[in-house]
Amino acid sequence: MGDQVLNFYPSWSPVDLLPGLWVGLLGATLAAALRRWFDPVPGRILLVFAAVLLLLFAPVLFGGKVLLPLDNLRGQLPFHRLAPAEPHGNFLQGDLIQLVTPSLSAVRAAWSAGRWPLWNAQVGAGMPLLADPQAQALQPLVLLAYPMPLARAAGVTAALRVLTALVFCFLWLRRQGMSEAPALAGALAYGLGGFLLLWLGWPIANSAALLPLALYAVMRCDEPGGRRDALLLSMATLALLLGGHPETILYALGLSLTFFLARVCRRPRGLRRSLLVRTGAGLAIAGTIAAPALLPAIAYMPKTMRVARLSSRLEVPHRTEDLARRFLPIAAPNAYGNNRFVYYWGLSNINEDASGFVGTAALLAALMALGARRRFPDERLALGIAVLCLLLLAPLPGLSSRRLLLPLSLCLCYLAACALERFRLGEIRRRSVVIAALGLGAVIVWGYLAHPDPGDPRHLEVFRLGWLRWQLRFLVVAAFLLVLAAPLRRRGRALAVIAVAVAVAAELLLIHLPANPPMPRRLLLPATGPIRFLQSKLGRNPKRGPHYRIAALGEASPPNLASLYSLTDARIYNPVAPQAYVEATVPITATWQGELPEFGDPGNPLYPRLGVRYLLAAPDAALPPPLARVYADPDGAVWEVPGAQPRLFGAGTISIPRFEDSWITAQVRLERRRPLASSLYQDGGWLLLLEGRPHTTALEGPFLAACLPAGTWRLDLLYRPRAFLWGLVVAALGLTAGAAAFKPHTYGSRK
């Protein structure tokens, strides 16, 4: 039964063209806007970028497939009988279906209902939604995909991220003084590099996509001009602040400000003040407009599991033997195997370690930049930032330092473009090319041959040696083109640079295209037997469904996935899950798989206290009484938990005519003063109104509680955190200031 779910989808229909047409329309609008108000992108360059997007995303933009790791569900109940997809999903992308997509779905549901996306009621005991960076509630690259259904929107957002990185990296490099061919090579190295394509579905990719836009806006503001460039900087900064990954947002902002300050220092003293005022105003306005999302996140983050774990984490002593594992994947990304093929013996995983790879030919060009006599204005700064990032990669323990690969990869692409421009101008000799090629080739050969799996040297031997040959081929081709063209005239050298750009794109597509495999629609939210049973009992029942939760035992069913089926799971998989709720569920948490909890002890009375009415377990599971098995098939078994409490309980007779995520209305009838209990997580943002008037609330553990007087009352629970309300005030002030600052001049006509 499970392997026949959703086979009613047609293999293709004209509707499948809509995502691609929408991306094409947005791309054409962007190109027209740049031509009208900023710097045009030549048509031939746009054709190259369009070809790249087709190679990456044609199956999901025009072929009806889905850019979500749906095939990964097969390993868990109740989906283990689903037929596999070909190619298989990338199991490293489990977060995209277990965490990112459910959060995006919750935001969409709120917007479509005309509400602010403040609260996610369908995970755990609820948690803030707008304050959760993973939800990307106000991210422009995500909002632009909203005309498409959720599953199709994943491909649209991914294409927009790559397109944004390519276009604005090209324009930024052109503003740096590069000609078309070197700028194209640098843009392809960055836009198809590991940091963007390996993290393509995560919020972290927003920072990578928007960083070139911020740098380009900084360059535009460096010139005497009107309000248009400052407006572009404000829009770029706003989009970056709403990126969804705080660490890379800080790195991107820091890199942009560093480039800006370097340019300020080169200006005459008398012109610095106007530049600082104009740019500072643009940045400040962007920060104020982002306040409705930033302030709630700042207020909520100290209460999260991630912060609690970071504060208690002991630093791991640095080991000298880890140095190669930190640096080598930048030049030889598959030297330690690859998680997509199960075996990997690097520090963490291929996404973390190899996201700094920008192509063998680009690395060759970046090495050629080391011995340059004449440098571009920002080249020394880029070289210094790259060296600093490499130094910081070594001593910092843990995974956070790997995010420095974002500024490192951009600086490597910039250095490569500088070297290729100097080569086009005839400033680089053959000897420099040969020395750089020999040095890089030695590192690559050493990386692949000297670092087999310590447990079994034959693991992925064919794969690793195959990639050694591929990288050497691209290295030889790029070096041969440059050596052969060095004595030619400028036109011949320019053609060689174009060929190097093609080599960069070919290698990066070869290595990164399999990282984001498209999935067939038949795997989209398969409704197996246990899922259909739970939906019939809870998911679509407006009177009973919203008041109760489910839970799964052990490794069954990813926690957040239930929300995509209109179900609420008592578990939460999210690094910013409320720490107070995590601590409250310790009695039923059997173990942790990273940040994913696995529940156990099915007879624990905490389950009915949390409103868990049904438990999902393996088909052959035997749970203790009074639990009763109410459904079973080969895909799983469902057990009913007696005495499950609704979301609000304990205060006389309660009826709930309104149950929205951030607004609950109840009619309560009490014969005497009674306590009201709930299984709603209270982070301080829930307000209780009794007949429209504020009423005092209390805490019962992490849950909202109150004491109500006797009588019949209308009770309203509203989630309105103060940080959000203050954010709206600040944003209103920012919008007012922006309207005044960016209003175009109007001049009266002479009579």
# chains A, B, ... in the order shown; residues from 1 in each chain; ligands from 1
call {"tool": "closest_atom_pairs", "arguments": {"of": "segment 615-712 of chain A", "to": "segment 506-529 of chain A", "cutoff": "10 Å", "atoms": "only C-alpha atoms", "output": "CSV"}}
result
residue,atom,partner,partner_atom,distance
A:Tyr631,CA,A:Gly529,CA,8.6
A:Ala632,CA,A:Gly529,CA,8.1
A:Asp633,CA,A:Gly529,CA,7.0
A:Pro634,CA,A:Gly529,CA,8.7
A:Asp635,CA,A:Gly529,CA,6.8
A:Gly636,CA,A:Gly529,CA,7.8
A:Ala637,CA,A:Gly529,CA,9.1
A:Val638,CA,A:Gly529,CA,9.8
call {"tool": "select_by_dssp", "arguments": {"residues": "segment 606-736 of chain A", "states": "strand (DSSP E)", "output": "PyMOL selection string"}}
result
chain A and resi 612-617+628-633+636-640+648-649+653-659+663-670+674-678+686-690+693-695+698-700+703-708+711-719
call {"tool": "write_last_selection", "arguments": {"atoms": "C-alpha atoms", "output": "tab-separated table (two decimals), in the first residue's frame"}}
result
chain	number	residue	atom	x	y	z
A	612	VAL	CA	-0.92	13.48	23.64
A	613	ARG	CA	-3.90	11.39	22.59
A	614	TYR	CA	-2.17	8.97	20.21
A	615	LEU	CA	1.26	7.35	20.09
A	616	LEU	CA	2.77	6.11	16.84
A	617	ALA	CA	4.93	3.00	17.19
A	628	ALA	CA	-4.89	0.57	23.72
A	629	ARG	CA	-3.89	-0.20	20.15
A	630	VAL	CA	-6.52	1.35	17.88
A	631	TYR	CA	-4.87	0.90	14.49
A	632	ALA	CA	-2.17	-1.29	13.00
A	633	ASP	CA	-0.86	-2.21	9.57
A	636	GLY	CA	2.97	1.21	11.87
A	637	ALA	CA	0.64	1.00	14.87
A	638	VAL	CA	-1.33	3.74	16.64
A	639	TRP	CA	-2.01	3.51	20.38
A	640	GLU	CA	-4.55	5.65	22.24
A	648	LEU	CA	-6.94	24.24	28.12
A	649	PHE	CA	-8.28	22.26	31.06
A	653	THR	CA	-16.80	23.78	31.74
A	654	ILE	CA	-14.73	25.01	28.79
A	655	SER	CA	-15.80	25.44	25.19
A	656	ILE	CA	-13.46	26.86	22.56
A	657	PRO	CA	-15.19	28.57	19.61
A	658	ARG	CA	-11.94	30.05	18.24
A	659	PHE	CA	-8.65	28.16	18.06
A	663	TRP	CA	-5.49	33.65	19.35
A	664	ILE	CA	-7.62	31.27	21.39
A	665	THR	CA	-11.12	32.20	22.55
A	666	ALA	CA	-12.88	30.12	25.21
A	667	GLN	CA	-16.15	30.24	27.09
A	668	VAL	CA	-15.59	29.24	30.73
A	669	ARG	CA	-18.25	28.55	33.33
A	670	LEU	CA	-17.11	28.27	36.96
A	674	ARG	CA	-10.73	27.65	40.05
A	675	PRO	CA	-7.31	27.33	38.42
A	676	LEU	CA	-6.95	27.19	34.64
A	677	ALA	CA	-4.20	24.94	33.34
A	678	SER	CA	-2.87	24.50	29.83
A	686	TRP	CA	0.84	35.15	25.96
A	687	LEU	CA	-1.73	37.66	27.26
A	688	LEU	CA	-4.93	36.61	29.02
A	689	LEU	CA	-8.04	38.76	28.60
A	690	LEU	CA	-11.10	38.12	30.74
A	693	ARG	CA	-9.67	43.05	30.27
A	694	PRO	CA	-6.11	41.93	31.10
A	695	HIS	CA	-5.94	39.18	33.69
A	698	ALA	CA	1.03	32.31	36.12
A	699	LEU	CA	3.43	29.51	35.22
A	700	GLU	CA	3.05	25.80	35.88
A	703	PHE	CA	3.14	26.15	30.74
A	704	LEU	CA	0.64	28.97	30.92
A	705	ALA	CA	-1.74	28.90	33.90
A	706	ALA	CA	-4.14	31.29	35.64
A	707	CYS	CA	-6.62	31.49	38.49
A	708	LEU	CA	-10.15	32.45	37.40
A	711	GLY	CA	-18.87	33.02	36.91
A	712	THR	CA	-19.29	32.69	33.17
A	713	TRP	CA	-16.51	34.35	31.26
A	714	ARG	CA	-15.24	34.95	27.77
A	715	LEU	CA	-11.54	34.23	27.84
A	716	ASP	CA	-9.09	35.34	25.11
A	717	LEU	CA	-5.50	34.18	24.91
A	718	LEU	CA	-3.44	36.36	22.58
A	719	TYR	CA	0.20	35.85	21.73
call {"tool": "residues_around", "arguments": {"residues": "segment 581-595 of chain A", "least_positions_apart": "4", "cutoff": "9 Å", "atoms": "only C-alpha atoms", "output": "list in words"}}
result
Gly124, Ala125, Met305, Arg306, Gly554, Arg571, Ile572, Tyr573, Asn574, Pro575, Ala577, Phe599, Gly600, Asp601, Pro602, Asn604, Leu606, Tyr607, Tyr681, Gly701, Pro702 and Phe703 of chain A
call {"tool": "write_last_selection", "arguments": {"atoms": "C-alpha atoms", "output": "tab-separated table (two decimals), in the first residue's frame"}}
result
chain	number	residue	atom	x	y	z
A	124	GLY	CA	5.65	20.63	20.96
A	125	ALA	CA	3.71	22.89	23.29
A	305	MET	CA	18.05	24.94	23.54
A	306	ARG	CA	20.87	26.09	21.24
A	554	GLY	CA	11.88	5.96	19.14
A	571	ARG	CA	8.13	16.60	20.04
A	572	ILE	CA	10.16	19.48	18.60
A	573	TYR	CA	13.15	19.20	16.31
A	574	ASN	CA	14.64	22.68	16.20
A	575	PRO	CA	17.89	24.14	17.56
A	577	ALA	CA	13.30	24.89	20.68
A	599	PHE	CA	10.58	9.74	23.07
A	600	GLY	CA	10.11	6.61	25.16
A	601	ASP	CA	8.43	5.42	28.40
A	602	PRO	CA	4.92	5.31	26.83
A	604	ASN	CA	4.50	8.00	31.67
A	606	LEU	CA	3.40	13.25	31.25
A	607	TYR	CA	1.91	12.21	27.90
A	681	TYR	CA	4.42	27.05	26.39
A	701	GLY	CA	6.48	24.63	34.86
A	702	PRO	CA	6.92	26.07	31.35
A	703	PHE	CA	3.14	26.15	30.74
call {"tool": "residues_around", "arguments": {"residues": "segment 45-47 of chain A", "least_positions_apart": "5", "cutoff": "10 Å", "atoms": "only C-alpha atoms", "output": "PyMOL selection string"}}
result
chain A and resi 27-28+31+52-53+163+166-167+170+180-181+184
call {"tool": "write_last_selection", "arguments": {"atoms": "N, CA and C atoms", "output": "short mmCIF file (atom, residue, chain, number, x, y, z; two decimals), in the first residue's frame"}}
result
data_model
loop_
_atom_site.label_atom_id
_atom_site.label_comp_id
_atom_site.auth_asym_id
_atom_site.auth_seq_id
_atom_site.Cartn_x
_atom_site.Cartn_y
_atom_site.Cartn_z
N GLY A 27 13.47 37.05 -13.16
CA GLY A 27 14.79 37.35 -13.69
C GLY A 27 14.76 38.46 -14.72
N ALA A 28 13.77 38.45 -15.60
CA ALA A 28 13.65 39.51 -16.60
C ALA A 28 13.36 40.85 -15.94
N ALA A 31 16.63 42.10 -14.48
CA ALA A 31 17.52 42.61 -15.53
C ALA A 31 17.06 43.97 -16.03
N VAL A 52 22.91 28.06 -16.84
CA VAL A 52 23.31 27.45 -15.57
C VAL A 52 22.09 27.07 -14.75
N LEU A 53 21.10 27.97 -14.67
CA LEU A 53 19.89 27.66 -13.91
C LEU A 53 19.14 26.48 -14.51
N LEU A 163 20.56 32.73 -8.81
CA LEU A 163 20.51 33.85 -9.75
C LEU A 163 20.99 35.14 -9.08
N LEU A 166 24.81 35.01 -8.71
CA LEU A 166 25.51 35.15 -9.99
C LEU A 166 25.46 36.59 -10.50
N VAL A 167 24.28 37.17 -10.52
CA VAL A 167 24.11 38.50 -11.11
C VAL A 167 24.89 39.55 -10.32
N PHE A 170 28.73 39.20 -10.36
CA PHE A 170 29.24 39.72 -11.63
C PHE A 170 29.28 41.24 -11.62
N GLU A 180 34.54 41.69 -18.64
CA GLU A 180 33.44 40.72 -18.59
C GLU A 180 33.91 39.30 -18.29
N ALA A 181 34.94 38.84 -18.98
CA ALA A 181 35.35 37.43 -18.84
C ALA A 181 35.84 37.10 -17.43
N LEU A 184 32.88 37.18 -15.10
CA LEU A 184 32.05 35.99 -15.28
C LEU A 184 32.65 34.79 -14.58
#
call {"tool": "residues_around", "arguments": {"residues": "segment 404-410 of chain A", "least_positions_apart": "6", "cutoff": "10 Å", "atoms": "only C-alpha atoms", "output": "ChimeraX atom specification"}}
result
/A:169,186-187,189-191,193-196,204-205,207-208,211-212,247-248,251-252,254-256,330,352-358,363,382-383,385-390,392-393,416
call {"tool": "write_last_selection", "arguments": {"atoms": "N, CA and C atoms", "output": "compact mmCIF listing (two decimals), in the first residue's frame"}}
result
# COMPACT_ATOMS: atom_id res chain seq x y z
N CYS A 169 27.28 39.17 -8.00
CA CYS A 169 28.73 38.95 -7.94
C CYS A 169 29.38 39.45 -9.22
N GLY A 186 34.67 34.75 -11.97
CA GLY A 186 34.51 34.90 -10.52
C GLY A 186 33.09 34.68 -10.06
N ALA A 187 32.12 35.18 -10.85
CA ALA A 187 30.72 35.00 -10.48
C ALA A 187 30.32 33.53 -10.54
N ALA A 189 32.33 30.95 -10.17
CA ALA A 189 33.01 30.25 -9.07
C ALA A 189 32.27 30.45 -7.76
N TYR A 190 31.75 31.65 -7.53
CA TYR A 190 31.03 31.90 -6.28
C TYR A 190 29.61 31.35 -6.32
N GLY A 191 28.87 31.65 -7.39
CA GLY A 191 27.47 31.24 -7.47
C GLY A 191 27.27 29.75 -7.56
N GLY A 193 29.68 27.68 -6.27
CA GLY A 193 30.59 27.13 -5.28
C GLY A 193 29.89 26.35 -4.19
N GLY A 194 30.70 25.75 -3.34
CA GLY A 194 30.17 24.84 -2.33
C GLY A 194 29.29 25.50 -1.30
N PHE A 195 29.62 26.74 -0.89
CA PHE A 195 28.86 27.32 0.21
C PHE A 195 27.40 27.54 -0.18
N LEU A 196 27.16 27.95 -1.41
CA LEU A 196 25.78 28.18 -1.82
C LEU A 196 25.08 26.90 -2.21
N ILE A 204 20.83 29.42 5.59
CA ILE A 204 22.22 29.88 5.46
C ILE A 204 22.53 30.31 4.02
N ALA A 205 21.82 29.73 3.04
CA ALA A 205 22.05 30.09 1.65
C ALA A 205 21.59 31.51 1.34
N SER A 207 22.24 34.16 3.13
CA SER A 207 23.41 35.01 3.37
C SER A 207 24.39 34.91 2.22
N ALA A 208 24.62 33.69 1.73
CA ALA A 208 25.55 33.52 0.62
C ALA A 208 25.05 34.20 -0.64
N LEU A 211 25.10 38.31 -0.07
CA LEU A 211 26.37 38.98 0.21
C LEU A 211 26.87 39.78 -1.00
N PRO A 212 26.90 39.22 -2.22
CA PRO A 212 27.33 40.04 -3.37
C PRO A 212 26.45 41.26 -3.60
N GLU A 247 24.67 33.76 12.34
CA GLU A 247 26.13 33.78 12.26
C GLU A 247 26.62 34.24 10.90
N THR A 248 26.08 33.67 9.83
CA THR A 248 26.52 34.08 8.50
C THR A 248 26.04 35.49 8.16
N TYR A 251 28.76 37.63 9.53
CA TYR A 251 29.95 37.56 8.68
C TYR A 251 29.75 38.39 7.41
N ALA A 252 28.56 38.26 6.80
CA ALA A 252 28.31 38.99 5.56
C ALA A 252 28.28 40.50 5.82
N GLY A 254 29.74 42.05 8.30
CA GLY A 254 31.10 42.46 8.66
C GLY A 254 31.99 42.60 7.44
N LEU A 255 31.87 41.66 6.49
CA LEU A 255 32.67 41.74 5.28
C LEU A 255 32.28 42.97 4.46
N SER A 256 31.00 43.24 4.34
CA SER A 256 30.54 44.40 3.57
C SER A 256 31.03 45.70 4.21
N ILE A 330 39.04 22.44 1.19
CA ILE A 330 38.93 23.66 0.39
C ILE A 330 39.52 23.43 -0.99
N GLU A 352 29.68 20.84 5.76
CA GLU A 352 30.44 21.70 6.65
C GLU A 352 31.87 21.91 6.16
N ASP A 353 32.52 20.83 5.76
CA ASP A 353 33.96 20.89 5.50
C ASP A 353 34.30 21.38 4.10
N ALA A 354 33.49 21.05 3.10
CA ALA A 354 33.85 21.34 1.70
C ALA A 354 33.08 22.52 1.13
N SER A 355 32.42 23.30 1.96
CA SER A 355 31.63 24.41 1.43
C SER A 355 32.51 25.57 0.97
N GLY A 356 33.82 25.49 1.22
CA GLY A 356 34.71 26.53 0.73
C GLY A 356 35.29 26.25 -0.63
N PHE A 357 34.92 25.14 -1.27
CA PHE A 357 35.48 24.79 -2.58
C PHE A 357 34.82 25.61 -3.67
N VAL A 358 35.64 26.32 -4.48
CA VAL A 358 35.12 27.19 -5.54
C VAL A 358 35.63 26.77 -6.91
N LEU A 363 40.84 28.20 -7.92
CA LEU A 363 41.93 28.14 -6.95
C LEU A 363 43.28 28.40 -7.62
N ALA A 382 41.13 41.87 0.37
CA ALA A 382 40.57 40.52 0.17
C ALA A 382 41.59 39.46 0.53
N LEU A 383 42.84 39.68 0.17
CA LEU A 383 43.88 38.72 0.52
C LEU A 383 44.06 38.63 2.03
N ILE A 385 41.75 39.28 4.33
CA ILE A 385 40.58 38.60 4.90
C ILE A 385 40.68 37.10 4.69
N ALA A 386 41.13 36.69 3.50
CA ALA A 386 41.27 35.25 3.23
C ALA A 386 42.27 34.61 4.18
N VAL A 387 43.40 35.28 4.40
CA VAL A 387 44.41 34.75 5.33
C VAL A 387 43.85 34.69 6.75
N LEU A 388 43.12 35.73 7.15
CA LEU A 388 42.53 35.74 8.49
C LEU A 388 41.54 34.61 8.67
N CYS A 389 40.70 34.37 7.66
CA CYS A 389 39.73 33.27 7.74
C CYS A 389 40.45 31.93 7.88
N LEU A 390 41.54 31.74 7.14
CA LEU A 390 42.29 30.49 7.24
C LEU A 390 42.89 30.34 8.63
N LEU A 392 41.71 31.59 11.42
CA LEU A 392 40.65 31.34 12.39
C LEU A 392 40.03 29.96 12.23
N LEU A 393 40.16 29.37 11.06
CA LEU A 393 39.65 28.01 10.88
C LEU A 393 40.41 27.02 11.74
N ALA A 416 40.71 35.35 -7.68
CA ALA A 416 40.80 34.66 -8.97
C ALA A 416 40.44 35.60 -10.11
